[in-house]
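Student: If you scroll down you'll find the structure; I have some questions about it.
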Amino acid sequence: MSQAKAISQSKEALLQSYQKQLKDDVRSLVDNFGEIMKLAKIEDDTKQLSKMTVAQQDQYEMQVRAANIVRAGESLFRLVSDLKQFLILNDFVLVNDSMQRASKGSQDRKREVDSKLIQLRDEILIELRDLEEEYYSSAYR
């Protein structure tokens with residue numbers, strides 16, 4: 001019982017870490033995108049720095065923020081992959097239901113094939129009897 005409880009707590013902790021990672025990555029995407037949009041505004045009050053310096057600084061900041069967006073997107077892809085793996089490995093109810101459905105479908109198909117084979121056997125027996133009757137009652141025997 002304590003082992004099952006420990007496994008359950010472990011799964012819960014893992015899910016919470018996934019949720020935290022999701023929130024952090026989405027927040028990073030939104031924040032960096034918002035900052036890029038702020039940098040895209042044209043400001044005309046650059047008195048102390050030259051326009052080229054400001055443009056280069058803005059370009060560098062946009063590149064860094066774009067790299068942060070890409071990093072957050074890749075992290076989200078890894079998170080989706082981890083969640084799929086977690087679901088596949090830990091969702092025993094779904095796996096059992098799927099196996100039971102497949103087993104029931106196979107059993108139904110087996111019954112259907114068996115009944116068709118029995119029907120075919122009966123038809124062959126009838127035809128064989130007719131052929132035997134014809135053969136043994138013919139003059140060519």
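By order of appearance in the structure tokens: chains A, B, ..., then residues from 1 within every chain, and ligands from 1 in the order shown.
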Tell me, counting only C-alpha atoms, for each residue of range 56-105 of chain A within 6 Å of range 16-37 of chain A, which pair of atoms is nearest and how far apart they are in Å to one decimal, in rows ordered by chain and increasing number, as a Markdown table.
Tutor:
```
| residue | atom | partner | partner_atom | distance |
| --- | --- | --- | --- | --- |
| A:Met62 | CA | A:Ile36 | CA | 5.8 |
| A:Arg65 | CA | A:Asn32 | CA | 5.4 |
| A:Ile69 | CA | A:Leu29 | CA | 5.2 |
| A:Ala72 | CA | A:Asp25 | CA | 5.1 |
```
Student: Would you mind exporting N, CA and C atoms of the selected residues as a PDB file, in the first residue's frame?
Tutor:
```pdb
ATOM      1  N   MET A  62      16.381  41.892 -30.227  1.00  0.00           N
ATOM      2  CA  MET A  62      15.369  41.097 -30.941  1.00  0.00           C
ATOM      3  C   MET A  62      15.892  39.697 -31.239  1.00  0.00           C
ATOM      4  N   ARG A  65      15.793  37.737 -27.993  1.00  0.00           N
ATOM      5  CA  ARG A  65      14.412  37.389 -27.626  1.00  0.00           C
ATOM      6  C   ARG A  65      13.838  36.337 -28.586  1.00  0.00           C
ATOM      7  N   ILE A  69      12.382  32.686 -27.672  1.00  0.00           N
ATOM      8  CA  ILE A  69      11.097  32.148 -28.129  1.00  0.00           C
ATOM      9  C   ILE A  69      11.302  30.758 -28.729  1.00  0.00           C
ATOM     10  N   ALA A  72      11.917  28.288 -25.936  1.00  0.00           N
ATOM     11  CA  ALA A  72      10.667  27.958 -25.240  1.00  0.00           C
ATOM     12  C   ALA A  72       9.797  27.038 -26.095  1.00  0.00           C
TER      13      ALA A  72
END
```
Student: For Leu83 in chain A, which of A:Lys11, A:Arg121, A:Arg101, A:Lys41 is the closest residue, counting only C-alpha atoms?
Tutor: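 Of all the options, A:Lys11 lies closest to Leu83 in chain A.
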Student: Using only C-alpha atoms, determine which residues lie at most 10 Å from range 58-61 of chain A, disregarding the query and same-chain residues fewer than 2 positions distant; provide the list as a list in words.
Tutor: Asn32, Glu35, Ile36, Leu39, Ala40, Met52, Thr53, Val54, Ala55, Gln56, Gln63, Val64, Arg65, Ala66 and Ala67 of chain A
Student: For those residues, write N, CA and C atoms to a file as a tab-separated table (two decimals), in the first residue's frame.
Tutor:
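Just written: part-v4.tsv:
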```
chain	number	residue	atom	x	y	z
A	32	ASN	N	8.58	37.42	-24.29
A	32	ASN	CA	9.56	37.75	-25.33
A	32	ASN	C	8.88	38.33	-26.57
A	35	GLU	N	7.97	41.92	-25.80
A	35	GLU	CA	9.14	42.80	-25.82
A	35	GLU	C	9.61	43.07	-27.25
A	36	ILE	N	9.51	42.08	-28.12
A	36	ILE	CA	9.86	42.31	-29.53
A	36	ILE	C	8.90	43.33	-30.14
A	39	LEU	N	9.92	46.72	-29.06
A	39	LEU	CA	11.12	47.20	-29.77
A	39	LEU	C	10.80	47.63	-31.20
A	40	ALA	N	9.73	47.09	-31.75
A	40	ALA	CA	9.37	47.41	-33.13
A	40	ALA	C	8.81	48.82	-33.27
A	52	MET	N	22.08	54.66	-35.29
A	52	MET	CA	22.69	53.38	-35.67
A	52	MET	C	22.95	52.53	-34.42
A	53	THR	N	23.40	53.16	-33.37
A	53	THR	CA	23.68	52.42	-32.14
A	53	THR	C	22.39	51.85	-31.56
A	54	VAL	N	21.36	52.66	-31.56
A	54	VAL	CA	20.06	52.21	-31.06
A	54	VAL	C	19.53	51.08	-31.93
A	55	ALA	N	19.67	51.20	-33.26
A	55	ALA	CA	19.18	50.17	-34.17
A	55	ALA	C	19.93	48.87	-33.95
A	56	GLN	N	21.25	48.94	-33.76
A	56	GLN	CA	22.03	47.72	-33.53
A	56	GLN	C	21.67	47.08	-32.19
A	63	GLN	N	17.16	39.60	-31.62
A	63	GLN	CA	17.74	38.28	-31.90
A	63	GLN	C	17.76	37.42	-30.63
A	64	VAL	N	18.12	38.02	-29.51
A	64	VAL	CA	18.16	37.27	-28.24
A	64	VAL	C	16.75	36.85	-27.85
A	65	ARG	N	15.79	37.74	-27.99
A	65	ARG	CA	14.41	37.39	-27.63
A	65	ARG	C	13.84	36.34	-28.59
A	66	ALA	N	14.17	36.43	-29.87
A	66	ALA	CA	13.72	35.42	-30.82
A	66	ALA	C	14.33	34.06	-30.47
A	67	ALA	N	15.60	34.05	-30.07
A	67	ALA	CA	16.23	32.80	-29.64
A	67	ALA	C	15.53	32.25	-28.40
```
Student: Just give me the gap between CA of Glu12 in chain A and CA of Gln85 in chain A in Å, one decimal is fine.
Tutor: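 So the two atoms, CA of Glu12 in chain A and CA of Gln85 in chain A, lie 15.3 Å apart.
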Student: So how far away is CA of Asn90 in chain A from CA of Ser8 in chain A, in Å?
Tutor: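 Answer for the CA of Ser8 in chain A to CA of Asn90 in chain A separation: 10.5 Å.
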Student: Among range 25-94 of chain A, which residues carry a DSSP assignment of helix (DSSP H, G or I), reported as number ranges by chain?
Tutor: A: 25-40, 51-90, 92-94
